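Okay, so here's the structure we're looking at.
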Amino acid sequence: MIYTQKINRAIQLAVQAHEIDQKQKRKGKDVAYIIHPLNVGLILSLAGASEDVVVAGILHDTIEDSIEDKKVTLASIIKEFGDDVAQLVMSVTEQDKSLSWRERKESAINHIKDFSHESLLIKSADVISNVSELLVDYKNDGDKTFERFNASKEELIKNQLNIINAIHNRWEESPLGDDLLTIARDLQMIGAPSFMSKKPAFVIQYCDYKDDIALECPVCNWKGSPESGGQIDTDSEYCLSVSCPVCEKMLLVAEYPLAN
């Protein structure tokens with residue numbers, strides 16, 4: 001059986017928490033929020049995730065977003081769906097909403113290093129759903145897209161890229177890995193003018209270039225060297241360049257002799 005009763009019950013609870021109890025909307029849009037957790041469940045299903053992971057993906061925002069007088073709790077999820085689903089939901093739930101936006105995002109990224117593969121899948125599907133929607137909105141509305149958020153365009157993009165890098169570091173072979181890298185590169189292109197001006201590539205002479213030179217992406221925080229994964233471009237007759245393998249931000253330019 002593919003469409004199980006457990007998945008059906010998860011959908012019913014998510015609809016109750018996000019739509020029936022509060023008519024929750026996507027931030028700054030007249031779009032029902034329930035679309036997002038259902039989309040996360042669909043992504044997980046297509047990735048071949050287990051039943052419990054799909055169920056947890058559908059429920060991933062219920063504890064965090066349900067209203068106080070009809071609160072979805074850890075205990076209620078344990079009772080209805082079992083310990084495994086409940087712990088997966090808790091693993092991707094923000095624990096302290098009283099913190100500032102930056103503190104909450106830093107805490108969430110730090111938490112990824114302790115994720116199981118199942119939690120990484122849920123977080124990946126969450127990011128793919130959110131960022132894919134953001135990219136569509138940006139295509140239609142440009143920079144107005146970012147006005148509905150509580151952080152700047154650059155901060156929002158950098159945060160999502162940091163999350164993707166943290167997931168990539170934990171599980172490069174994830175079935176959702178290629179999807180994450182694709183949206184990372186699309187995101188970086190949106191922020192490229194700002195990132196290029198505020199965080200330009202390091203320029204050196206080719207005689208100083210080494211394959212093991214230490215690099216760090218100022219956008220997504222990837223760390224490594226050209227030989228350990230940096231994308232090396234030698235097509236230009238003037239220089240060699242190295243870009244981040246996660247978001248493709250240009251990190252290093254090595255000018256060839258007599259290039260100028």
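In the structure tokens, each chain is lettered A, B, ... as it comes, each chain's residues begin at 1, and ligands are numbered from 1 in order of appearance.
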
>> Run DSSP on the backbone and tell me which residues of range 78-246 of chain A come out as strand (DSSP E); list them as a PyMOL selection string.
In response: chain A and resi 202-205+215-216+223-224+231-233+239-243

Selection file, N, CA and C atoms, as a tab-separated table (two decimals), in the first residue's frame:
chain	number	residue	atom	x	y	z
A	202	PHE	N	39.16	36.70	-4.49
A	202	PHE	CA	40.55	36.98	-4.13
A	202	PHE	C	41.40	36.84	-5.39
A	203	VAL	N	42.15	37.87	-5.75
A	203	VAL	CA	42.94	37.86	-6.98
A	203	VAL	C	44.42	37.68	-6.64
A	204	ILE	N	45.04	36.69	-7.28
A	204	ILE	CA	46.47	36.43	-7.08
A	204	ILE	C	47.13	36.21	-8.44
A	205	GLN	N	48.45	36.19	-8.44
A	205	GLN	CA	49.18	35.83	-9.64
A	205	GLN	C	49.26	34.30	-9.75
A	215	LEU	N	40.47	27.74	0.91
A	215	LEU	CA	39.42	28.65	0.46
A	215	LEU	C	38.22	28.55	1.39
A	216	GLU	N	37.49	29.65	1.51
A	216	GLU	CA	36.24	29.66	2.25
A	216	GLU	C	35.26	30.56	1.53
A	223	LYS	N	34.06	25.32	2.94
A	223	LYS	CA	35.49	25.39	3.15
A	223	LYS	C	36.16	24.23	2.42
A	224	GLY	N	37.28	24.52	1.80
A	224	GLY	CA	37.99	23.48	1.09
A	224	GLY	C	39.13	24.06	0.28
A	231	GLN	N	35.33	24.33	-7.89
A	231	GLN	CA	35.14	24.23	-9.33
A	231	GLN	C	36.18	25.10	-10.05
A	232	ILE	N	37.06	24.46	-10.78
A	232	ILE	CA	38.17	25.15	-11.44
A	232	ILE	C	37.81	25.41	-12.90
A	233	ASP	N	37.97	26.66	-13.33
A	233	ASP	CA	37.69	27.05	-14.72
A	233	ASP	C	38.98	27.56	-15.34
A	239	CYS	N	43.08	34.05	-17.18
A	239	CYS	CA	43.19	33.64	-15.78
A	239	CYS	C	42.57	32.26	-15.55
A	240	LEU	N	42.90	31.72	-14.42
A	240	LEU	CA	42.24	30.52	-13.87
A	240	LEU	C	41.35	31.02	-12.74
A	241	SER	N	40.15	30.46	-12.63
A	241	SER	CA	39.27	30.87	-11.54
A	241	SER	C	38.75	29.64	-10.80
A	242	VAL	N	38.45	29.83	-9.53
A	242	VAL	CA	37.92	28.75	-8.70
A	242	VAL	C	36.62	29.25	-8.07
A	243	SER	N	35.56	28.45	-8.19
A	243	SER	CA	34.26	28.81	-7.63
A	243	SER	C	33.83	27.80	-6.58

> Hey, what's within 10 Å of Gly177 in chain A if we count only C-alpha atoms and toss same-chain stuff fewer than 3 positions away? As JSON, numbers by chain, please?
Replying inline: {"A": [121, 124, 164, 167, 168, 171, 172, 173, 174, 180, 181, 182]}

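For the set A:Arg26, A:Cys220, A:Leu38, A:Gln16, the residue with the smallest atom-to-atom gap to Arg148 in chain A is A:Arg26, counting only C-alpha atoms.
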
> Counting only C-alpha atoms, what is within 12 Å of Leu176 in chain A, bar same-chain residues fewer than 6 positions away, as a PyMOL selection string?
Replying inline: chain A and resi 40+43-49+117-118+120-129+164+167-168+182-183

Could the residues in this selection be saved with C-alpha atoms as a PDB file, in the first residue's frame?
ATOM      1  CA  VAL A  40       7.297  18.770   1.471  1.00  0.00           C
ATOM      2  CA  ILE A  43       9.117  15.861  -2.393  1.00  0.00           C
ATOM      3  CA  LEU A  44       9.965  13.262   0.250  1.00  0.00           C
ATOM      4  CA  SER A  45       7.745  10.680  -1.399  1.00  0.00           C
ATOM      5  CA  LEU A  46       9.411  11.267  -4.777  1.00  0.00           C
ATOM      6  CA  ALA A  47      12.810  10.936  -3.063  1.00  0.00           C
ATOM      7  CA  GLY A  48      11.858   7.452  -1.884  1.00  0.00           C
ATOM      8  CA  ALA A  49      11.581   8.328   1.800  1.00  0.00           C
ATOM      9  CA  HIS A 117      19.710  11.115   7.446  1.00  0.00           C
ATOM     10  CA  GLU A 118      15.932  11.097   7.950  1.00  0.00           C
ATOM     11  CA  LEU A 120      18.312  15.784   6.744  1.00  0.00           C
ATOM     12  CA  LEU A 121      15.804  14.588   4.150  1.00  0.00           C
ATOM     13  CA  ILE A 122      12.971  16.503   5.825  1.00  0.00           C
ATOM     14  CA  LYS A 123      15.063  19.663   6.146  1.00  0.00           C
ATOM     15  CA  SER A 124      16.147  19.314   2.513  1.00  0.00           C
ATOM     16  CA  ALA A 125      12.563  18.983   1.296  1.00  0.00           C
ATOM     17  CA  ASP A 126      11.584  21.987   3.425  1.00  0.00           C
ATOM     18  CA  VAL A 127      14.362  24.111   1.874  1.00  0.00           C
ATOM     19  CA  ILE A 128      13.579  22.933  -1.662  1.00  0.00           C
ATOM     20  CA  SER A 129       9.901  23.797  -1.241  1.00  0.00           C
ATOM     21  CA  ILE A 164      22.277  23.957   2.084  1.00  0.00           C
ATOM     22  CA  ILE A 167      23.256  19.662   4.751  1.00  0.00           C
ATOM     23  CA  HIS A 168      25.737  19.047   1.918  1.00  0.00           C
ATOM     24  CA  THR A 182      20.605  23.496  -8.216  1.00  0.00           C
ATOM     25  CA  ILE A 183      18.554  25.878  -6.094  1.00  0.00           C
TER      26      ILE A 183
END

> Nearest to Arg185 in chain A: which of A:Pro245, A:Phe149, A:Gly229, A:Tyr206 is it, counting only C-alpha atoms?
Replying inline: A:Pro245

>> Env of Val89 in chain A: 7 Å cut, atoms = only C-alpha atoms, seq-sep filter 4 positions within chain, self excluded. Answer as a VMD selection string.
In response: chain A and resid 56 59 to 60 85 93

>> What does the structure give for the distance between CA of Val92 in chain A and CA of Ser119 in chain A, in Å to one decimal?
In response: 7.0 Å

With 12 Å as the cut-off and only C-alpha atoms counted, what is the closest atom pair between each nearby residue of range 24-136 of chain A and range 155-158 of chain A? Distances in Å to one decimal, ordered by chain and number, as CSV.
residue,atom,partner,partner_atom,distance
A:Trp101,CA,A:Glu155,CA,10.3
A:Arg102,CA,A:Glu155,CA,8.9
A:Lys105,CA,A:Leu156,CA,9.9
A:Glu106,CA,A:Lys158,CA,11.4
A:Ile109,CA,A:Lys158,CA,11.8
A:Val127,CA,A:Ile157,CA,11.6
A:Asn130,CA,A:Leu156,CA,11.6
A:Val131,CA,A:Ile157,CA,9.2
A:Leu134,CA,A:Ile157,CA,10.1
A:Leu135,CA,A:Ile157,CA,10.8

>> Please identify the helix (DSSP H, G or I) residues within range 19-231 of chain A (assignment by DSSP from backbone atoms) and present them as a VMD selection string.
In response: chain A and resid 19 to 20 35 to 46 51 to 58 62 to 65 68 to 70 74 to 81 83 to 91 101 to 114 117 to 148 153 to 170 177 to 198 206 to 208 226 to 228

Writing out the chosen residues with C-alpha atoms as a CSV table (one decimal), in the first residue's frame:
chain,number,residue,atom,x,y,z
A,19,GLU,CA,-6.0,25.7,7.5
A,20,ILE,CA,-9.1,25.0,9.5
A,35,ILE,CA,0.4,24.0,0.4
A,36,HIS,CA,3.9,24.0,1.8
A,37,PRO,CA,3.8,20.9,4.2
A,38,LEU,CA,1.9,19.0,1.5
A,39,ASN,CA,4.6,19.9,-1.0
A,40,VAL,CA,7.3,18.8,1.5
A,41,GLY,CA,5.5,15.4,1.8
A,42,LEU,CA,5.4,15.1,-2.0
A,43,ILE,CA,9.1,15.9,-2.4
A,44,LEU,CA,10.0,13.3,0.3
A,45,SER,CA,7.7,10.7,-1.4
A,46,LEU,CA,9.4,11.3,-4.8
A,51,GLU,CA,6.4,6.3,5.4
A,52,ASP,CA,7.4,7.8,8.8
A,53,VAL,CA,9.7,10.4,7.1
A,54,VAL,CA,6.9,11.4,4.7
A,55,VAL,CA,4.4,11.7,7.6
A,56,ALA,CA,6.9,13.8,9.6
A,57,GLY,CA,7.5,16.0,6.6
A,58,ILE,CA,3.8,16.7,6.3
A,62,THR,CA,2.4,21.7,13.2
A,63,ILE,CA,4.1,22.0,16.6
A,64,GLU,CA,5.8,25.3,15.7
A,65,ASP,CA,2.8,27.0,14.0
A,68,GLU,CA,-2.2,28.0,21.5
A,69,ASP,CA,-5.8,27.0,22.2
A,70,LYS,CA,-5.5,24.1,19.7
A,74,LEU,CA,4.9,16.4,21.1
A,75,ALA,CA,2.7,14.1,23.2
A,76,SER,CA,-0.2,14.3,20.8
A,77,ILE,CA,2.0,13.3,17.8
A,78,ILE,CA,3.6,10.5,19.8
A,79,LYS,CA,0.1,9.2,20.7
A,80,GLU,CA,-1.2,9.4,17.1
A,81,PHE,CA,1.9,8.6,15.0
A,83,ASP,CA,7.9,8.1,18.8
A,84,ASP,CA,9.9,8.0,15.5
A,85,VAL,CA,7.6,10.5,13.7
A,86,ALA,CA,7.4,12.7,16.8
A,87,GLN,CA,11.2,12.9,17.2
A,88,LEU,CA,11.7,13.7,13.5
A,89,VAL,CA,9.2,16.5,13.7
A,90,MET,CA,10.9,17.9,16.8
A,91,SER,CA,14.3,17.7,15.1
A,101,TRP,CA,15.8,36.1,13.6
A,102,ARG,CA,19.6,35.8,13.4
A,103,GLU,CA,19.9,33.8,16.6
A,104,ARG,CA,17.2,31.4,15.6
A,105,LYS,CA,18.7,30.8,12.1
A,106,GLU,CA,22.2,30.3,13.6
A,107,SER,CA,20.8,27.8,16.1
A,108,ALA,CA,19.0,25.9,13.4
A,109,ILE,CA,22.1,25.7,11.2
A,110,ASN,CA,24.2,24.5,14.2
A,111,HIS,CA,21.6,21.8,14.9
A,112,ILE,CA,22.0,20.3,11.4
A,113,LYS,CA,25.4,18.7,12.4
A,114,ASP,CA,23.5,16.3,14.7
A,117,HIS,CA,19.7,11.1,7.4
A,118,GLU,CA,15.9,11.1,8.0
A,119,SER,CA,16.0,14.6,9.5
A,120,LEU,CA,18.3,15.8,6.7
A,121,LEU,CA,15.8,14.6,4.1
A,122,ILE,CA,13.0,16.5,5.8
A,123,LYS,CA,15.1,19.7,6.1
A,124,SER,CA,16.1,19.3,2.5
A,125,ALA,CA,12.6,19.0,1.3
A,126,ASP,CA,11.6,22.0,3.4
A,127,VAL,CA,14.4,24.1,1.9
A,128,ILE,CA,13.6,22.9,-1.7
A,129,SER,CA,9.9,23.8,-1.2
A,130,ASN,CA,10.6,27.2,0.3
A,131,VAL,CA,13.3,28.3,-2.1
A,132,SER,CA,11.6,27.0,-5.2
A,133,GLU,CA,8.6,29.2,-4.3
A,134,LEU,CA,10.9,32.1,-3.6
A,135,LEU,CA,12.6,31.8,-7.0
A,136,VAL,CA,9.2,31.8,-8.7
A,137,ASP,CA,8.1,34.8,-6.8
A,138,TYR,CA,11.4,36.6,-7.6
A,139,LYS,CA,11.0,35.9,-11.3
A,140,ASN,CA,7.5,37.5,-11.1
A,141,ASP,CA,8.1,40.3,-8.7
A,142,GLY,CA,11.8,41.0,-8.5
A,143,ASP,CA,13.2,42.5,-5.3
A,144,LYS,CA,9.7,43.2,-4.0
A,145,THR,CA,9.7,39.5,-3.1
A,146,PHE,CA,12.0,40.2,-0.1
A,147,GLU,CA,10.0,43.1,1.3
A,148,ARG,CA,7.7,40.7,3.2
A,153,LYS,CA,17.6,40.1,0.7
A,154,GLU,CA,21.3,39.3,1.3
A,155,GLU,CA,20.7,37.9,4.8
A,156,LEU,CA,17.9,35.7,3.6
A,157,ILE,CA,19.8,34.3,0.6
A,158,LYS,CA,22.9,33.7,2.7
A,159,ASN,CA,20.9,31.9,5.4
A,160,GLN,CA,19.4,29.5,2.9
A,161,LEU,CA,22.8,28.9,1.3
A,162,ASN,CA,24.4,28.2,4.7
A,163,ILE,CA,21.6,25.7,5.4
A,164,ILE,CA,22.3,24.0,2.1
A,165,ASN,CA,26.0,23.9,2.7
A,166,ALA,CA,25.5,22.4,6.2
A,167,ILE,CA,23.3,19.7,4.8
A,168,HIS,CA,25.7,19.0,1.9
A,169,ASN,CA,28.6,18.7,4.4
A,170,ARG,CA,26.6,16.1,6.4
A,177,GLY,CA,21.5,16.6,-3.0
A,178,ASP,CA,21.4,17.6,-6.7
A,179,ASP,CA,18.2,19.5,-6.1
A,180,LEU,CA,19.7,21.4,-3.3
A,181,LEU,CA,22.8,22.4,-5.3
A,182,THR,CA,20.6,23.5,-8.2
A,183,ILE,CA,18.6,25.9,-6.1
A,184,ALA,CA,21.7,27.1,-4.3
A,185,ARG,CA,23.2,28.2,-7.6
A,186,ASP,CA,19.9,29.9,-8.6
A,187,LEU,CA,19.8,31.7,-5.2
A,188,GLN,CA,23.5,32.8,-5.5
A,189,MET,CA,22.7,34.3,-9.0
A,190,ILE,CA,20.0,36.4,-7.4
A,191,GLY,CA,22.4,37.8,-4.9
A,192,ALA,CA,25.4,37.9,-7.2
A,193,PRO,CA,25.6,41.7,-7.7
A,194,SER,CA,25.7,42.3,-4.0
A,195,PHE,CA,28.0,39.4,-3.2
A,196,MET,CA,30.5,40.4,-6.0
A,197,SER,CA,30.7,44.0,-4.7
A,198,LYS,CA,30.8,43.2,-1.0
A,206,TYR,CA,49.3,32.3,-11.2
A,207,CYS,CA,52.8,31.7,-9.7
A,208,ASP,CA,51.2,31.9,-6.3
A,226,PRO,CA,40.5,23.6,-5.5
A,227,GLU,CA,41.6,20.0,-5.3
A,228,SER,CA,39.1,19.1,-2.6
